[in-house]
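*Asks:* A single structure is presented below for examination.
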Amino acid sequence: MVKRLSFLGVIARVFMWAFLLALAVVVLYPLLWMVLNGFKTNAELFGDPFALPVDWSFSNYQKAWNRGVDNYLITSVLVTVTSTIATVFLSAWAAYGLTRVSIPFNKAVTGVILGGLMLAPTVALVPLVKMFQAMGLYNSFWALLILYTAFRVPFTTFLIRAYMIDLPREVDEAAEMDGAGRWTAFWRVILPMSKPIITSTVMLHVLFAWNEYLFAMVFTSGSGVQTLPVGLTSLMSKHGTDYPVVFAGMTIAALPVVLLFFLGQRHIVKGLADGIGK
């Protein structure tokens with residue numbers, strides 16, 4: 001009986017590893033195919049799209065870079081970094097106030113903040129466009145910074161609040177006895193203790209801001225401050241017949257976020273598990 005169970009366990013492990021291997025191939029192969037096609041010529045691409053490049057040349061990547069991908073990349077980095085800092089800081093500060101400070105109508109305030117999760121961006125597009133035009137922020141970097149921050153604060157606050165709510169109250173009392181104010185307790189005690197969920201929310205926002213298309217298309221149309229998703233669309237419309245250059249531009253756009261995900265995937269999973277689990 002024991003041998004039979006052991007044999008079944010080995011079979012189950014073989015099937016599990018085979019499934020995971022197949023899943024990895026399904027996920028990674030399209031990415032690898034995109035990277036390899038960035039090294040080909042049009043003739044090679046249409047001749048055999050699944051073969052390896054004959055001449056491994058970086059000329060397509062240089063063309064994509066010189067045709068505007070460098071500017072799109074800089075804009076995406078600026079928007080992503082600034083909106084991530086603003087979103088995570090405001091959300092962490094809001095979560096701290098909702099969980100560690102006794103404020104009037106605490107539950108009502110929490111409900112209002114989390115109610116932002118139900119607001120669909122598409123529904124708010126027309127009034128937002130008119131509002132930003134009236135404020136002189138339309139077709140600007142500030143428009144994306146404000147929008148990316150405002151629409152992600154409710155979700156990010158929800159995650160951080162779920163983590164902070166079960167942190168021991170004794171640490172606040174100890175900080176108060178040492179003469180620390182609210183700001184010092186938040187910055188030096190609670191925030192370091194919330195590092196797992198902070199790391200997760202940072203990476204989740206980076207993924208959102210880096211790949212966001214709707215706001216970037218509507219609010220930066222023809223302004224010269226286009227992000228990578230919109231810029232790649234423009235690249236495809238202008239050089240649609242030069243497919244290797246388009247693939248090279250897509251590879252450049254995907255590389256930073258793919259590297260970030262692989263480096264921080266453990267932190268994302270741990271932080272979300274701890275936050276949602278609490």
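Simple scheme: letters A, B, ... for chains in structure tokens order, numbers from 1 for residues in each chain, numbers from 1 for ligands in the order shown.
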Give me, as a list in words, all polymer residues having an atom no more than 12 Å from Phe50 (chain A), counting only C-alpha atoms and skipping those fewer than 2 positions away in the same chain.
*Replies:*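 Selected residues are Tyr29, Pro30, Leu32, Trp33, Met34, Val35, Leu36, Asn37, Lys40, Glu44, Leu45, Phe46, Gly47, Asp48, Leu52, Pro53 and Val54 of chain A.
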*Asks:* With a cut-off of 10 Å, could you pull out the residues of region 142-225 of chain A touching region 85-92 of chain A and give me the nearest pair of atoms for each, distance in Å to one decimal, using only C-alpha atoms, ordered by chain and ascending number, as CSV?
*Replies:*
```
residue,atom,partner,partner_atom,distance
A:Leu145,CA,A:Ala86,CA,8.6
A:Ile146,CA,A:Ala86,CA,9.1
A:Tyr148,CA,A:Thr87,CA,8.0
A:Thr149,CA,A:Thr87,CA,5.0
A:Ala150,CA,A:Thr87,CA,7.6
A:Phe151,CA,A:Thr87,CA,9.1
A:Arg152,CA,A:Thr87,CA,6.7
A:Val153,CA,A:Ser91,CA,5.6
A:Pro154,CA,A:Ser91,CA,7.5
A:Phe155,CA,A:Ser91,CA,8.6
A:Thr156,CA,A:Ser91,CA,5.9
A:Thr157,CA,A:Ser91,CA,4.5
A:Phe158,CA,A:Ser91,CA,8.3
A:Leu159,CA,A:Ser91,CA,9.0
A:Ile160,CA,A:Ala92,CA,6.3
A:Arg161,CA,A:Ala92,CA,7.7
A:Met164,CA,A:Ala92,CA,9.0
A:Phe186,CA,A:Ala92,CA,9.0
A:Trp187,CA,A:Ala92,CA,10.0
A:Ile190,CA,A:Ala92,CA,9.5
A:Leu191,CA,A:Ala92,CA,7.8
A:Ser194,CA,A:Ala92,CA,9.1
A:Ile197,CA,A:Ala92,CA,9.9
A:Ile198,CA,A:Val88,CA,7.3
A:Thr199,CA,A:Val88,CA,9.4
A:Thr201,CA,A:Val88,CA,7.0
A:Val202,CA,A:Val88,CA,6.6
A:His205,CA,A:Thr87,CA,8.1
A:Val206,CA,A:Ile85,CA,10.0
```
*Asks:* Quick one: residues within 7 Å of Leu73 (chain A), only C-alpha atoms counted, chain neighbours fewer than 3 positions away excluded, as a list in words?
*Replies:*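 Near neighbours after the sequence-gap exclusion: Val69, Asp70, Ser76, Val77, Thr227 and Leu228 of chain A.
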*Asks:* Keeping only N, CA and C atoms, write those residues as a PDB file, in the first residue's frame.
*Replies:*
```
ATOM      1  N   VAL A  69      11.473  55.885 -30.052  1.00  0.00           N
ATOM      2  CA  VAL A  69      11.324  55.032 -28.876  1.00  0.00           C
ATOM      3  C   VAL A  69      12.095  55.590 -27.690  1.00  0.00           C
ATOM      4  N   ASP A  70      13.208  56.284 -27.957  1.00  0.00           N
ATOM      5  CA  ASP A  70      13.974  56.869 -26.853  1.00  0.00           C
ATOM      6  C   ASP A  70      13.152  57.913 -26.097  1.00  0.00           C
ATOM      7  N   SER A  76       7.781  57.531 -20.400  1.00  0.00           N
ATOM      8  CA  SER A  76       7.196  56.445 -19.608  1.00  0.00           C
ATOM      9  C   SER A  76       7.901  56.292 -18.267  1.00  0.00           C
ATOM     10  N   VAL A  77       9.216  56.400 -18.276  1.00  0.00           N
ATOM     11  CA  VAL A  77       9.968  56.295 -17.024  1.00  0.00           C
ATOM     12  C   VAL A  77       9.589  57.416 -16.068  1.00  0.00           C
ATOM     13  N   THR A 227       3.603  58.235 -24.076  1.00  0.00           N
ATOM     14  CA  THR A 227       4.267  57.121 -23.419  1.00  0.00           C
ATOM     15  C   THR A 227       4.481  55.988 -24.420  1.00  0.00           C
ATOM     16  N   LEU A 228       5.141  54.931 -23.967  1.00  0.00           N
ATOM     17  CA  LEU A 228       5.494  53.843 -24.873  1.00  0.00           C
ATOM     18  C   LEU A 228       4.293  53.167 -25.548  1.00  0.00           C
TER      19      LEU A 228
END
```
*Asks:* Which distance in Å separates CA of Leu114 (chain A) and CA of Glu170 (chain A), to one decimal?
*Replies:*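 The value is 27.3 Å.
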*Asks:* If I take CA of Leu255 (chain A) and CA of Thr80 (chain A), how far is one from the other in Å, to one decimal?
*Replies:*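 That distance, rounded to one decimal, is 14.8 Å.
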*Asks:* Under the rule that only C-alpha atoms are counted, which of A:Ala51, A:Val101, A:Leu263, A:Ala216 is the nearest residue to Leu144 (chain A)?
*Replies:*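 Among the listed residues, A:Ala216 lies closest to Leu144 (chain A).
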*Asks:* Taking into account only C-alpha atoms, which residue in the set A:Met16, A:Met118, A:Val258, A:Val27 is nearest to Met203 (chain A)?
*Replies:*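 Closest candidate: A:Val258.
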*Asks:* From region 89-231 of chain A, collect each residue whose DSSP state is helix (DSSP H, G or I) and return the set as number ranges by chain.
*Replies:* A: 89-100, 106-118, 125-135, 141-164, 170-177, 182-193, 195-211, 214-219, 228-231
*Asks:* Counting only C-alpha atoms, figure out which residue out of A:Val10, A:Ala24, A:Met135, A:Val257 gets nearest to Phe208 (chain A).
*Replies:*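 Among A:Val10, A:Ala24, A:Met135, A:Val257, it is A:Val257 that comes nearest to Phe208 (chain A).
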*Asks:* State, in Å with one decimal place, the distance from CA of Arg13 (chain A) to CA of Phe262 (chain A).
*Replies:*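 Here the two named atoms are 24.5 Å from each other.
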*Asks:* Under the rule that only C-alpha atoms are counted, which of A:Val123, A:Ala95, A:Met177, A:Leu207 is the nearest residue to Pro256 (chain A)?
*Replies:*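 Comparing A:Val123, A:Ala95, A:Met177, A:Leu207 against Pro256 (chain A), the winner is A:Leu207.
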*Asks:* For Phe132 (chain A), please output as a VMD selection string all residues within 8 Å (counting only C-alpha atoms; exclusion window: fewer than 5 positions along the same chain).
*Replies:* chain A and resid 137 to 138 143
*Asks:* For the selection just defined, write its residues with C-alpha atoms to a file, as a PDB file, in the first residue's frame.
*Replies:*
```
ATOM      1  CA  LEU A 137      -3.290  70.588 -18.150  1.00  0.00           C
ATOM      2  CA  TYR A 138      -4.532  68.787 -21.243  1.00  0.00           C
ATOM      3  CA  ALA A 143      -2.361  65.170 -16.739  1.00  0.00           C
TER       4      ALA A 143
END
```
*Asks:* Select, from A:Val26, A:Leu128, A:Ala64, A:Ala162, the residue with the minimum atom-to-atom distance to Gly249 (chain A), counting only C-alpha atoms.
*Replies:*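 Using only C-alpha atoms, Gly249 (chain A) sits closest to A:Ala64.
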*Asks:* Using only C-alpha atoms, tabulate the residues of region 56-96 of chain A lying at most 12 Å from any atom of region 234-244 of chain A, each with its closest atom pair and that distance in Å to one decimal, by chain and increasing residue number, as a Markdown table.
*Replies:*
```
| residue | atom | partner | partner_atom | distance |
| --- | --- | --- | --- | --- |
| A:Ser57 | CA | A:Pro244 | CA | 11.0 |
| A:Phe58 | CA | A:Pro244 | CA | 10.6 |
| A:Ser59 | CA | A:Pro244 | CA | 9.8 |
| A:Asn60 | CA | A:Pro244 | CA | 6.3 |
| A:Tyr61 | CA | A:Pro244 | CA | 8.6 |
| A:Gln62 | CA | A:Pro244 | CA | 11.3 |
| A:Lys63 | CA | A:Pro244 | CA | 9.8 |
| A:Ala64 | CA | A:Leu235 | CA | 8.2 |
| A:Trp65 | CA | A:Leu235 | CA | 10.6 |
| A:Asn66 | CA | A:Leu235 | CA | 11.1 |
| A:Arg67 | CA | A:Leu235 | CA | 7.7 |
| A:Gly68 | CA | A:Leu235 | CA | 7.9 |
| A:Val69 | CA | A:Leu235 | CA | 8.4 |
| A:Tyr72 | CA | A:Leu235 | CA | 10.6 |
```
*Asks:* Go through A:Ala120, A:Leu78, A:Met193, A:Ala94 and flag the residue nearest Asp172 (chain A), using only C-alpha atoms for the distances.
*Replies:*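 Closest to Asp172 (chain A), using only C-alpha atoms: A:Met193.
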